[in-house]
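Below is target27.cif, holding mmCIF, C-alpha atoms and all ligand atoms.
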```cif
data_entry
loop_
_atom_site.group_PDB
_atom_site.id
_atom_site.type_symbol
_atom_site.label_atom_id
_atom_site.label_comp_id
_atom_site.auth_asym_id
_atom_site.auth_seq_id
_atom_site.Cartn_x
_atom_site.Cartn_y
_atom_site.Cartn_z
ATOM 1 C CA MET W 1 115.645 111.714 101.565
ATOM 2 C CA LYS W 2 112.873 110.001 103.478
ATOM 3 C CA VAL W 3 109.946 112.387 103.557
ATOM 4 C CA ALA W 4 106.579 111.955 105.235
ATOM 5 C CA ILE W 5 103.842 114.314 104.089
ATOM 6 C CA THR W 6 101.016 115.126 106.487
ATOM 7 C CA GLY W 7 98.389 117.759 107.155
ATOM 8 C CA LYS W 8 94.668 118.243 107.617
ATOM 9 C CA GLY W 9 92.310 116.560 105.135
ATOM 10 C CA GLY W 10 92.204 118.097 101.694
ATOM 11 C CA VAL W 11 95.088 120.568 102.102
ATOM 12 C CA GLY W 12 97.075 119.109 99.208
ATOM 13 C CA LYS W 13 99.220 116.290 100.678
ATOM 14 C CA THR W 14 98.735 113.995 97.709
ATOM 15 C CA THR W 15 99.306 116.844 95.284
ATOM 16 C CA LEU W 16 102.616 117.762 96.918
ATOM 17 C CA ALA W 17 103.707 114.116 97.252
ATOM 18 C CA ALA W 18 103.073 113.529 93.545
ATOM 19 C CA LEU W 19 104.799 116.738 92.438
ATOM 20 C CA LEU W 20 107.894 115.980 94.541
ATOM 21 C CA ALA W 21 108.090 112.370 93.366
ATOM 22 C CA GLN W 22 107.762 113.424 89.727
ATOM 23 C CA ALA W 23 110.424 116.102 90.167
ATOM 24 C CA TRP W 24 112.896 113.585 91.593
ATOM 25 C CA ALA W 25 112.143 111.088 88.853
ATOM 26 C CA ARG W 26 112.632 113.735 86.180
ATOM 27 C CA GLU W 27 116.150 114.363 87.569
ATOM 28 C CA GLY W 28 116.855 110.663 87.169
ATOM 29 C CA ALA W 29 116.873 109.985 90.926
ATOM 30 C CA LYS W 30 115.469 106.735 92.268
ATOM 31 C CA VAL W 31 112.183 107.434 93.993
ATOM 32 C CA LEU W 32 109.686 105.265 95.805
ATOM 33 C CA ALA W 33 106.321 106.764 96.683
ATOM 34 C CA ILE W 34 104.244 105.129 99.391
ATOM 35 C CA ASP W 35 100.540 105.690 99.784
ATOM 36 C CA VAL W 36 99.692 105.072 103.438
ATOM 37 C CA ASP W 37 96.273 106.674 103.244
ATOM 38 C CA PRO W 38 93.456 104.100 103.556
ATOM 39 C CA VAL W 39 91.625 106.124 100.912
ATOM 40 C CA ALA W 40 94.458 105.819 98.424
ATOM 41 C CA SER W 41 94.754 108.478 95.741
ATOM 42 C CA LEU W 42 98.452 108.870 95.004
ATOM 43 C CA ALA W 43 98.417 106.440 92.045
ATOM 44 C CA GLY W 44 95.844 108.583 90.270
ATOM 45 C CA ALA W 45 97.778 111.776 90.924
ATOM 46 C CA LEU W 46 100.933 110.141 89.573
ATOM 47 C CA GLY W 47 99.133 109.209 86.370
ATOM 48 C CA PHE W 48 99.019 105.419 86.777
ATOM 49 C CA ALA W 49 96.674 103.957 84.179
ATOM 50 C CA ASP W 50 94.168 102.065 86.336
ATOM 51 C CA PRO W 51 94.675 103.248 89.894
ATOM 52 C CA GLN W 52 91.558 101.436 91.105
ATOM 53 C CA ASN W 53 93.074 98.134 89.984
ATOM 54 C CA ILE W 54 96.106 98.421 92.252
ATOM 55 C CA THR W 55 95.536 96.141 95.223
ATOM 56 C CA PRO W 56 96.833 97.638 98.463
ATOM 57 C CA LEU W 57 99.260 95.462 100.418
ATOM 58 C CA SER W 58 96.831 95.206 103.333
ATOM 59 C CA GLN W 59 94.329 93.498 101.018
ATOM 60 C CA MET W 60 96.746 90.963 99.549
ATOM 61 C CA ASN W 61 95.324 88.264 101.765
ATOM 62 C CA GLU W 62 97.481 85.374 100.596
ATOM 63 C CA LEU W 63 100.657 87.367 100.939
ATOM 64 C CA VAL W 64 99.647 88.634 104.379
ATOM 65 C CA GLU W 65 98.970 85.079 105.487
ATOM 66 C CA GLU W 66 102.158 83.716 103.924
ATOM 67 C CA ARG W 67 104.317 86.329 105.654
ATOM 68 C CA THR W 68 102.635 86.701 109.024
ATOM 69 C CA GLY W 69 101.201 83.221 109.452
ATOM 70 C CA ALA W 70 97.692 84.510 110.117
ATOM 71 C CA LYS W 71 94.628 85.226 108.050
ATOM 72 C CA PRO W 72 93.857 88.919 107.568
ATOM 73 C CA GLY W 73 90.723 90.218 109.203
ATOM 74 C CA THR W 74 91.072 87.802 112.087
ATOM 75 C CA MET W 75 91.709 88.666 115.686
ATOM 76 C CA GLY W 76 93.260 86.703 118.461
ATOM 77 C CA GLN W 77 95.576 84.568 116.300
ATOM 78 C CA MET W 78 99.297 84.380 116.870
ATOM 79 C CA PHE W 79 101.281 85.976 114.065
ATOM 80 C CA LYS W 80 104.764 87.234 113.284
ATOM 81 C CA LEU W 81 105.295 90.867 114.180
ATOM 82 C CA ASN W 82 108.509 90.912 112.160
ATOM 83 C CA PRO W 83 107.654 89.195 108.890
ATOM 84 C CA THR W 84 110.180 88.998 106.049
ATOM 85 C CA VAL W 85 109.674 91.963 103.751
ATOM 86 C CA ASP W 86 113.018 92.663 101.995
ATOM 87 C CA ASP W 87 111.819 91.200 98.703
ATOM 88 C CA LEU W 88 108.438 92.926 98.728
ATOM 89 C CA PRO W 89 109.290 96.363 97.250
ATOM 90 C CA GLU W 90 110.460 94.705 94.006
ATOM 91 C CA LYS W 91 107.476 92.367 94.015
ATOM 92 C CA ILE W 92 104.624 94.739 94.707
ATOM 93 C CA ALA W 93 105.772 98.170 93.497
ATOM 94 C CA HIS W 94 104.202 99.579 90.343
ATOM 95 C CA GLU W 95 106.144 101.989 88.157
ATOM 96 C CA HIS W 96 105.111 104.916 85.987
ATOM 97 C CA ASN W 97 107.323 107.632 84.479
ATOM 98 C CA GLY W 98 110.235 106.673 86.713
ATOM 99 C CA VAL W 99 108.247 106.762 89.959
ATOM 100 C CA LYS W 100 107.817 103.522 91.843
ATOM 101 C CA LEU W 101 104.700 103.284 93.985
ATOM 102 C CA ILE W 102 103.542 101.010 96.755
ATOM 103 C CA VAL W 103 99.964 101.300 97.968
ATOM 104 C CA MET W 104 99.749 100.142 101.565
ATOM 105 C CA GLY W 105 96.045 100.553 102.258
ATOM 106 C CA GLY W 106 96.443 102.317 105.576
ATOM 107 C CA ILE W 107 97.900 101.290 108.881
ATOM 108 C CA LYS W 108 95.018 100.444 111.099
ATOM 109 C CA GLU W 109 95.031 99.406 114.688
ATOM 110 C CA GLY W 110 92.396 97.085 116.025
ATOM 111 C CA GLY W 111 90.415 97.868 119.155
ATOM 112 C CA GLY W 112 92.441 98.323 122.318
ATOM 113 C CA GLY W 113 95.581 99.209 120.371
ATOM 114 C CA CYS W 114 96.155 95.667 119.135
ATOM 115 C CA VAL W 115 97.664 95.122 115.734
ATOM 116 C CA CYS W 116 96.159 92.848 113.098
ATOM 117 C CA PRO W 117 98.248 90.715 110.699
ATOM 118 C CA GLU W 118 97.847 93.016 107.698
ATOM 119 C CA SER W 119 98.926 96.022 109.774
ATOM 120 C CA ALA W 120 101.942 94.128 111.062
ATOM 121 C CA LEU W 121 103.015 93.478 107.469
ATOM 122 C CA VAL W 122 102.394 97.073 106.349
ATOM 123 C CA LYS W 123 104.314 98.424 109.335
ATOM 124 C CA ALA W 124 107.222 96.061 108.779
ATOM 125 C CA LEU W 125 107.443 97.058 105.127
ATOM 126 C CA VAL W 126 107.281 100.790 105.852
ATOM 127 C CA ARG W 127 110.014 100.317 108.467
ATOM 128 C CA HIS W 128 112.170 98.337 106.049
ATOM 129 C CA ILE W 129 111.788 100.904 103.266
ATOM 130 C CA ILE W 130 112.589 103.822 105.546
ATOM 131 C CA LEU W 131 115.536 102.163 107.237
ATOM 132 C CA GLN W 132 117.120 100.099 104.486
ATOM 133 C CA ARG W 133 116.356 101.338 101.013
ATOM 134 C CA ASP W 134 118.792 103.548 99.183
ATOM 135 C CA GLU W 135 116.382 105.823 97.323
ATOM 136 C CA HIS W 136 114.195 108.827 97.905
ATOM 137 C CA VAL W 137 111.045 107.841 99.738
ATOM 138 C CA ILE W 138 107.897 109.961 99.862
ATOM 139 C CA MET W 139 105.047 108.880 102.090
ATOM 140 C CA ASP W 140 101.578 110.289 101.584
ATOM 141 C CA MET W 141 100.103 109.954 105.057
ATOM 142 C CA GLU W 142 96.978 110.502 107.041
ATOM 143 C CA ALA W 143 97.013 113.290 109.597
ATOM 144 C CA GLY W 144 98.051 111.003 112.469
ATOM 145 C CA VAL W 145 101.701 110.165 112.949
ATOM 146 C CA GLU W 146 101.640 107.680 115.822
ATOM 147 C CA HIS W 147 101.325 104.743 113.459
ATOM 148 C CA LEU W 148 104.805 105.437 112.139
ATOM 149 C CA GLY W 149 106.181 104.141 115.417
ATOM 150 C CA ARG W 150 109.342 105.378 117.053
ATOM 151 C CA SER W 151 111.856 103.210 115.268
ATOM 152 C CA THR W 152 110.569 104.314 111.870
ATOM 153 C CA ALA W 153 110.104 107.935 112.839
ATOM 154 C CA ASP W 154 113.752 108.191 113.887
ATOM 155 C CA SER W 155 114.768 107.578 110.313
ATOM 156 C CA VAL W 156 112.367 109.851 108.506
ATOM 157 C CA ASN W 157 114.575 112.803 107.577
ATOM 158 C CA VAL W 158 111.783 115.275 107.472
ATOM 159 C CA MET W 159 108.069 115.533 108.024
ATOM 160 C CA VAL W 160 106.391 118.063 105.780
ATOM 161 C CA VAL W 161 103.093 119.478 107.012
ATOM 162 C CA VAL W 162 100.952 120.963 104.287
ATOM 163 C CA VAL W 163 98.863 123.949 105.337
ATOM 164 C CA GLU W 164 96.306 126.079 103.544
ATOM 165 C CA PRO W 165 95.312 129.591 104.546
ATOM 166 C CA GLY W 166 92.870 128.785 107.360
ATOM 167 C CA MET W 167 92.988 128.291 111.129
ATOM 168 C CA ARG W 168 91.863 124.652 111.005
ATOM 169 C CA SER W 169 94.823 123.570 108.957
ATOM 170 C CA ILE W 170 97.155 125.676 111.142
ATOM 171 C CA ARG W 171 95.836 124.009 114.314
ATOM 172 C CA ALA W 172 96.133 120.596 112.682
ATOM 173 C CA ALA W 173 99.757 121.400 111.802
ATOM 174 C CA GLN W 174 100.536 122.353 115.395
ATOM 175 C CA GLN W 175 98.899 119.183 116.660
ATOM 176 C CA ILE W 176 100.823 117.077 114.144
ATOM 177 C CA LYS W 177 104.053 118.760 115.174
ATOM 178 C CA LYS W 178 103.381 117.915 118.816
ATOM 179 C CA LEU W 179 102.692 114.264 118.019
ATOM 180 C CA ALA W 180 105.649 113.983 115.673
ATOM 181 C CA THR W 181 108.001 115.458 118.257
ATOM 182 C CA GLN W 182 106.727 112.963 120.809
ATOM 183 C CA ILE W 183 107.741 110.043 118.616
ATOM 184 C CA GLY W 184 111.134 111.517 117.783
ATOM 185 C CA ILE W 185 110.722 113.321 114.476
ATOM 186 C CA LYS W 186 112.752 116.474 114.967
ATOM 187 C CA ASN W 187 112.759 117.938 111.519
ATOM 188 C CA ILE W 188 109.320 119.335 110.758
ATOM 189 C CA LYS W 189 108.731 121.810 107.961
ATOM 190 C CA ALA W 190 105.674 123.321 106.360
ATOM 191 C CA VAL W 191 104.554 123.999 102.823
ATOM 192 C CA GLY W 192 101.792 126.539 102.253
ATOM 193 C CA ASN W 193 99.328 125.492 99.561
ATOM 194 C CA LYS W 194 96.347 127.136 97.809
ATOM 195 C CA ILE W 195 97.954 130.557 98.220
ATOM 196 C CA ARG W 196 96.143 133.469 96.546
ATOM 197 C CA ASP W 197 98.199 136.466 97.613
ATOM 198 C CA VAL W 198 100.797 137.871 100.019
ATOM 199 C CA GLU W 199 98.164 138.088 102.741
ATOM 200 C CA ASP W 200 97.723 134.299 102.586
ATOM 201 C CA LYS W 201 101.474 133.811 102.913
ATOM 202 C CA LYS W 202 101.657 136.195 105.851
ATOM 203 C CA PHE W 203 98.709 134.490 107.563
ATOM 204 C CA ILE W 204 100.486 131.142 107.379
ATOM 205 C CA THR W 205 103.934 132.340 108.415
ATOM 206 C CA ASP W 206 102.551 134.407 111.313
ATOM 207 C CA ASN W 207 100.324 131.627 112.652
ATOM 208 C CA LEU W 208 102.657 128.690 112.249
ATOM 209 C CA LYS W 209 105.201 130.487 114.421
ATOM 210 C CA ASP W 210 107.968 127.957 115.037
ATOM 211 C CA ILE W 211 107.352 125.686 112.029
ATOM 212 C CA LYS W 212 109.541 126.819 109.162
ATOM 213 C CA VAL W 213 107.733 127.310 105.849
ATOM 214 C CA ILE W 214 109.894 126.095 102.970
ATOM 215 C CA GLY W 215 107.626 127.049 100.089
ATOM 216 C CA PHE W 216 104.263 128.312 98.923
ATOM 217 C CA LEU W 217 102.261 126.786 96.093
ATOM 218 C CA PRO W 218 99.691 129.013 94.410
ATOM 219 C CA PHE W 219 95.963 128.299 94.281
ATOM 220 C CA THR W 220 95.662 127.524 90.615
ATOM 221 C CA SER W 221 93.136 126.189 88.153
ATOM 222 C CA GLU W 222 95.957 124.182 86.617
ATOM 223 C CA ILE W 223 96.017 121.826 89.613
ATOM 224 C CA ILE W 224 92.209 121.585 89.625
ATOM 225 C CA ASP W 225 92.117 120.897 85.881
ATOM 226 C CA ALA W 226 94.907 118.338 86.187
ATOM 227 C CA ASP W 227 92.869 116.595 88.885
ATOM 228 C CA LYS W 228 89.870 116.510 86.527
ATOM 229 C CA GLN W 229 92.036 114.808 83.915
ATOM 230 C CA GLY W 230 93.275 112.332 86.520
ATOM 231 C CA ALA W 231 97.017 112.838 86.529
ATOM 232 C CA LEU W 232 99.017 115.802 87.744
ATOM 233 C CA GLU W 233 100.922 116.949 84.730
ATOM 234 C CA ILE W 234 101.889 120.465 85.587
ATOM 235 C CA LYS W 235 103.613 122.639 83.023
ATOM 236 C CA ASN W 236 103.404 125.871 85.016
ATOM 237 C CA SER W 237 107.001 126.981 85.494
ATOM 238 C CA GLN W 238 106.224 128.837 88.739
ATOM 239 C CA ILE W 239 105.066 125.557 90.276
ATOM 240 C CA SER W 240 108.079 123.630 88.942
ATOM 241 C CA GLU W 241 110.450 126.246 90.349
ATOM 242 C CA THR W 242 108.682 126.194 93.723
ATOM 243 C CA ILE W 243 108.856 122.401 93.861
ATOM 244 C CA LYS W 244 112.567 122.528 93.024
ATOM 245 C CA SER W 245 113.213 124.992 95.805
ATOM 246 C CA ILE W 246 111.091 122.958 98.278
ATOM 247 C CA LYS W 247 113.144 119.898 97.320
ATOM 248 C CA ASN W 248 116.361 121.767 98.033
ATOM 249 C CA SER W 249 115.101 122.986 101.423
ATOM 250 C CA LEU W 250 113.992 119.614 102.750
HETATM 251 N N1 LIG W 301 97.378 124.621 94.807
HETATM 252 C C1 LIG W 301 96.156 124.189 94.524
HETATM 253 N N2 LIG W 301 95.308 124.927 93.767
HETATM 254 C C2 LIG W 301 94.063 124.497 93.497
HETATM 255 N N3 LIG W 301 93.558 123.323 93.904
HETATM 256 C C3 LIG W 301 94.354 122.530 94.636
HETATM 257 C C4 LIG W 301 95.683 122.907 94.986
HETATM 258 N N4 LIG W 301 96.242 121.900 95.714
HETATM 259 C C5 LIG W 301 95.304 120.949 95.817
HETATM 260 N N5 LIG W 301 94.175 121.320 95.180
HETATM 261 C C6 LIG W 301 92.928 120.540 95.072
HETATM 262 O O1 LIG W 301 92.446 120.286 96.379
HETATM 263 C C7 LIG W 301 91.922 118.974 96.474
HETATM 264 C C8 LIG W 301 92.636 118.198 97.578
HETATM 265 O O2 LIG W 301 93.977 117.986 97.191
HETATM 266 P P1 LIG W 301 94.764 116.670 97.637
HETATM 267 O O3 LIG W 301 93.985 115.465 97.270
HETATM 268 O O4 LIG W 301 96.143 116.794 97.156
HETATM 269 O O5 LIG W 301 94.707 116.867 99.216
HETATM 270 P P2 LIG W 301 94.999 115.810 100.369
HETATM 271 O O6 LIG W 301 95.517 116.588 101.514
HETATM 272 O O7 LIG W 301 95.838 114.717 99.848
HETATM 273 O O8 LIG W 301 93.534 115.269 100.661
HETATM 274 P P3 LIG W 301 93.135 113.990 101.572
HETATM 275 O O9 LIG W 301 93.226 114.464 102.992
HETATM 276 O O10 LIG W 301 91.753 113.697 101.131
HETATM 277 O O11 LIG W 301 94.121 112.906 101.259
HETATM 278 C C9 LIG W 301 92.080 118.341 95.094
HETATM 279 O O12 LIG W 301 90.883 118.480 94.411
HETATM 280 C C10 LIG W 301 93.173 119.172 94.459
HETATM 281 O O13 LIG W 301 93.079 119.200 93.059
HETATM 282 MG MG MG W 302 95.536 112.626 99.897
#
```
Please, can you express the file's structure as structure tokens?
Ligand SMILES: Nc1ncnc2c1ncn2[C@@H]1O[C@H](COP(=O)(O)OP(=O)(O)OP(=O)(O)O)[C@@H](O)[C@H]1O
Ligand SMILES: [Mg+2]
Amino acid sequence: MKVAITGKGGVGKTTLAALLAQAWAREGAKVLAIDVDPVASLAGALGFADPQNITPLSQMNELVEERTGAKPGTMGQMFKLNPTVDDLPEKIAHEHNGVKLIVMGGIKEGGGGCVCPESALVKALVRHIILQRDEHVIMDMEAGVEHLGRSTADSVNVMVVVVEPGMRSIRAAQQIKKLATQIGIKNIKAVGNKIRDVEDKKFITDNLKDIKVIGFLPFTSEIIDADKQGALEIKNSQISETIKSIKNSL
């Protein structure tokens, strides 16, 4: 499965990405998690020891220069838009409890839609991982989807939009669906998070209309407490069961 996780800020994208990755790893499946958020937080959620010491690919200046032929942070230079990346997952991935992780450091576009060298490398690597790698891939994304690009989007099996009970996250989900459809992602599903009761579930299902909801995660102090500790180590069996069923419905 190649899964991209999106949604409004703070709805629980990183939480869901980490829980899914951990569930796959626990089954013994190969899983590669990718943090594409410029404000990276997936390493912490996955329990990596020193998340702040993981350098994102976009900040590996020597590597960016070696592969693209241009210095990062510069504009107007010629550089390779298709740098070699096949060897990079093994080189730059970190591993913890069976989950491999690559921190990309965001996919930014320069002014006027131009691409800078570090973005070209990040994009090429994301494309390679989605198209070529034989393992489960979970991408923790920002709300936008355009940066995936059409050729990558075609190969993402499913985009999961996380929603919480609230109109802003519902509207964001509809907007994301529109954008995703435009770039060719057909399979879009939703997961309701921070659910307190049946009313919350009904609110989400009624308002999302044509986006299928494949699971609801409860609002729980366990997730908040786990976040205080740093890593998401959830022992709540209701959450584990829900994650299992979400996994099966992807
Ligand atoms: N089911 C839940 N119950 C209680 N708190 C939750 C739940 N899910 C997430 N949270 C809390 O909400 C906050 C945001 O969660 P998370 O970081 O996963 O969201 P996000 O969508 O990745 O945010 P961002 O847009 O900043 O990347 C965290 O403090 C997290 O612990
Ligand atoms: Mg996040």
Report as CSV the residues of chain W within 7 Å of ligand LIG 301 (chain W), each with its shortest atom pair and distance in Å (one decimal), using only C-alpha atoms and all ligand atoms, ordered by chain and increasing residue number.
```
residue,atom,partner,partner_atom,distance
W:Gly7,CA,W:LIG301,O6,6.4
W:Lys8,CA,W:LIG301,O9,6.1
W:Gly9,CA,W:LIG301,O9,3.1
W:Gly10,CA,W:LIG301,O8,3.3
W:Val11,CA,W:LIG301,O6,4.0
W:Gly12,CA,W:LIG301,O4,3.2
W:Lys13,CA,W:LIG301,O6,3.8
W:Thr14,CA,W:LIG301,O7,3.7
W:Thr15,CA,W:LIG301,O4,3.7
W:Leu16,CA,W:LIG301,O4,6.5
W:Asp37,CA,W:LIG301,O11,6.9
W:Glu142,CA,W:LIG301,O9,6.8
W:Asn193,CA,W:LIG301,N1,5.2
W:Lys194,CA,W:LIG301,N1,4.0
W:Ile195,CA,W:LIG301,N1,6.9
W:Leu217,CA,W:LIG301,N1,5.5
W:Pro218,CA,W:LIG301,N1,5.0
W:Phe219,CA,W:LIG301,N2,3.5
W:Thr220,CA,W:LIG301,N2,4.1
W:Ser221,CA,W:LIG301,C2,5.7
W:Ile223,CA,W:LIG301,C2,5.1
W:Ile224,CA,W:LIG301,O13,4.3
W:Asp227,CA,W:LIG301,O13,4.9
```
Go through W:Leu250, W:Ile92, W:Ala18, W:Ala40 one by one, measure the shortest atom-to-atom distance of each to Val160 in chain W using all atoms listed in the file, and give the residue with the smallest value. W:Leu250
Residue neighbourhood range 69-80 of chain W, 6 Å, only C-alpha atoms, exclusion window fewer than 3 positions, as a PyMOL selection string: chain W and resi 65-66+83+117-118
Using only C-alpha atoms, please write the residues we just selected to a file, as a compact mmCIF listing (two decimals), in the coordinates of the input.
```txt
# COMPACT_ATOMS: atom_id res chain seq x y z
CA GLU W 65 98.97 85.08 105.49
CA GLU W 66 102.16 83.72 103.92
CA PRO W 83 107.65 89.20 108.89
CA PRO W 117 98.25 90.72 110.70
CA GLU W 118 97.85 93.02 107.70
```
I'd like to see the residues matched by the PyMOL selection byres (((chain W and resi 190) around 7) and not hetatm) on this file, and ideally I'd get them as number ranges by chain. W: 160-163, 188-189, 191-192, 211-214
May I ask for the distance between CA of Ile239 in chain W and CA of Leu32 in chain W, given in Å to one decimal place? 21.5 Å
Could you state which residues are captured by the PyMOL selection byres (((chain W and resi 136) around 10) and not hetatm) in this file, as a compact mmCIF listing (two decimals) with C-alpha atoms, keeping the file's coordinate frame?
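The file below, expr-v4.txt, is the result:
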```
# COMPACT_ATOMS: atom_id res chain seq x y z
CA MET W 1 115.64 111.71 101.56
CA LYS W 2 112.87 110.00 103.48
CA VAL W 3 109.95 112.39 103.56
CA ALA W 21 108.09 112.37 93.37
CA TRP W 24 112.90 113.58 91.59
CA ALA W 25 112.14 111.09 88.85
CA ALA W 29 116.87 109.98 90.93
CA LYS W 30 115.47 106.74 92.27
CA VAL W 31 112.18 107.43 93.99
CA LEU W 32 109.69 105.26 95.80
CA ALA W 33 106.32 106.76 96.68
CA ILE W 129 111.79 100.90 103.27
CA ILE W 130 112.59 103.82 105.55
CA ARG W 133 116.36 101.34 101.01
CA ASP W 134 118.79 103.55 99.18
CA GLU W 135 116.38 105.82 97.32
CA VAL W 137 111.04 107.84 99.74
CA ILE W 138 107.90 109.96 99.86
```
Contact residues around Met139 in chain W with all atoms listed in the file at 8 Å, ignoring same-chain residues under 4 positions, as a list in words: Val3, Ala4, Ile5, Ala17, Ala33, Ile34, Asp35 and Val36 of chain W
So the first atom is CA of Val103 in chain W and the second is CA of Glu27 in chain W; what is the distance between them in Å, to one decimal place? 23.3 Å
Would you work out the distance separating CA of Leu179 in chain W from CA of Val85 in chain W, expressed in Å to one decimal?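 Result for CA of Leu179 in chain W versus CA of Val85 in chain W: 27.4 Å, one decimal.
Of the listed residues (W:Ala23, W:Asp140, W:Gln132, W:Ile54), W:Asp140 comes nearest to ligand MG 302 (chain W); the distances count all atoms listed in the file.
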Answer key for the PyMOL selection byres (((chain W and resi 170) around 10) and not hetatm), residues as number ranges by chain: W: 7-8, 161-169, 171-176, 203-205, 207-209
Here is a test: counting only C-alpha atoms and all ligand atoms, which residue of W:Val64, W:Arg127, W:Ala43, W:Met141 is nearest to ligand MG 302 (chain W)?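 Checking each of W:Val64, W:Arg127, W:Ala43, W:Met141 against ligand MG 302 (chain W), counting only C-alpha atoms and all ligand atoms, the winner is W:Met141.
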Given all atoms listed in the file as the basis, pick out the residue of W:Gly230, W:Pro38, W:Pro56, W:Gly28 nearest to ligand MG 302 (chain W).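 Under the stated criterion, the closest residue is W:Pro38.
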Residue completion, range 165-183 of chain W, N, CA and C atoms, as an mmCIF file, in the coordinates of the input:
```cif
data_model
loop_
_atom_site.group_PDB
_atom_site.id
_atom_site.type_symbol
_atom_site.label_atom_id
_atom_site.label_comp_id
_atom_site.auth_asym_id
_atom_site.auth_seq_id
_atom_site.Cartn_x
_atom_site.Cartn_y
_atom_site.Cartn_z
ATOM 1 N N PRO W 165 95.624 128.417 103.744
ATOM 2 C CA PRO W 165 95.312 129.591 104.546
ATOM 3 C C PRO W 165 93.988 129.381 105.296
ATOM 4 N N GLY W 166 94.061 129.044 106.547
ATOM 5 C CA GLY W 166 92.870 128.785 107.360
ATOM 6 C C GLY W 166 93.303 128.254 108.720
ATOM 7 N N MET W 167 92.581 128.661 109.767
ATOM 8 C CA MET W 167 92.988 128.291 111.129
ATOM 9 C C MET W 167 92.939 126.789 111.377
ATOM 10 N N ARG W 168 91.974 126.088 110.724
ATOM 11 C CA ARG W 168 91.863 124.652 111.005
ATOM 12 C C ARG W 168 93.113 123.908 110.550
ATOM 13 N N SER W 169 93.631 124.293 109.416
ATOM 14 C CA SER W 169 94.823 123.570 108.957
ATOM 15 C C SER W 169 96.056 123.979 109.772
ATOM 16 N N ILE W 170 96.058 125.221 110.277
ATOM 17 C CA ILE W 170 97.155 125.676 111.142
ATOM 18 C C ILE W 170 97.137 124.886 112.451
ATOM 19 N N ARG W 171 95.936 124.757 113.045
ATOM 20 C CA ARG W 171 95.836 124.009 114.314
ATOM 21 C C ARG W 171 96.217 122.556 114.104
ATOM 22 N N ALA W 172 95.774 121.991 112.976
ATOM 23 C CA ALA W 172 96.133 120.596 112.682
ATOM 24 C C ALA W 172 97.649 120.471 112.583
ATOM 25 N N ALA W 173 98.299 121.447 111.957
ATOM 26 C CA ALA W 173 99.757 121.400 111.802
ATOM 27 C C ALA W 173 100.445 121.428 113.161
ATOM 28 N N GLN W 174 99.913 122.284 114.057
ATOM 29 C CA GLN W 174 100.536 122.353 115.395
ATOM 30 C C GLN W 174 100.355 121.045 116.160
ATOM 31 N N GLN W 175 99.180 120.465 116.015
ATOM 32 C CA GLN W 175 98.899 119.183 116.660
ATOM 33 C C GLN W 175 99.819 118.086 116.108
ATOM 34 N N ILE W 176 99.969 118.073 114.794
ATOM 35 C CA ILE W 176 100.823 117.077 114.144
ATOM 36 C C ILE W 176 102.262 117.262 114.621
ATOM 37 N N LYS W 177 102.682 118.511 114.733
ATOM 38 C CA LYS W 177 104.053 118.760 115.174
ATOM 39 C C LYS W 177 104.271 118.187 116.579
ATOM 40 N N LYS W 178 103.270 118.406 117.443
ATOM 41 C CA LYS W 178 103.381 117.915 118.816
ATOM 42 C C LYS W 178 103.532 116.384 118.830
ATOM 43 N N LEU W 179 102.656 115.725 118.069
ATOM 44 C CA LEU W 179 102.692 114.264 118.019
ATOM 45 C C LEU W 179 103.999 113.764 117.417
ATOM 46 N N ALA W 180 104.425 114.413 116.356
ATOM 47 C CA ALA W 180 105.649 113.983 115.673
ATOM 48 C C ALA W 180 106.854 114.130 116.594
ATOM 49 N N THR W 181 106.896 115.232 117.328
ATOM 50 C CA THR W 181 108.001 115.458 118.257
ATOM 51 C C THR W 181 108.023 114.367 119.320
ATOM 52 N N GLN W 182 106.803 113.996 119.765
ATOM 53 C CA GLN W 182 106.727 112.963 120.809
ATOM 54 C C GLN W 182 107.310 111.631 120.356
ATOM 55 N N ILE W 183 107.186 111.327 119.055
ATOM 56 C CA ILE W 183 107.741 110.043 118.616
ATOM 57 C C ILE W 183 109.141 110.193 118.012
#
```
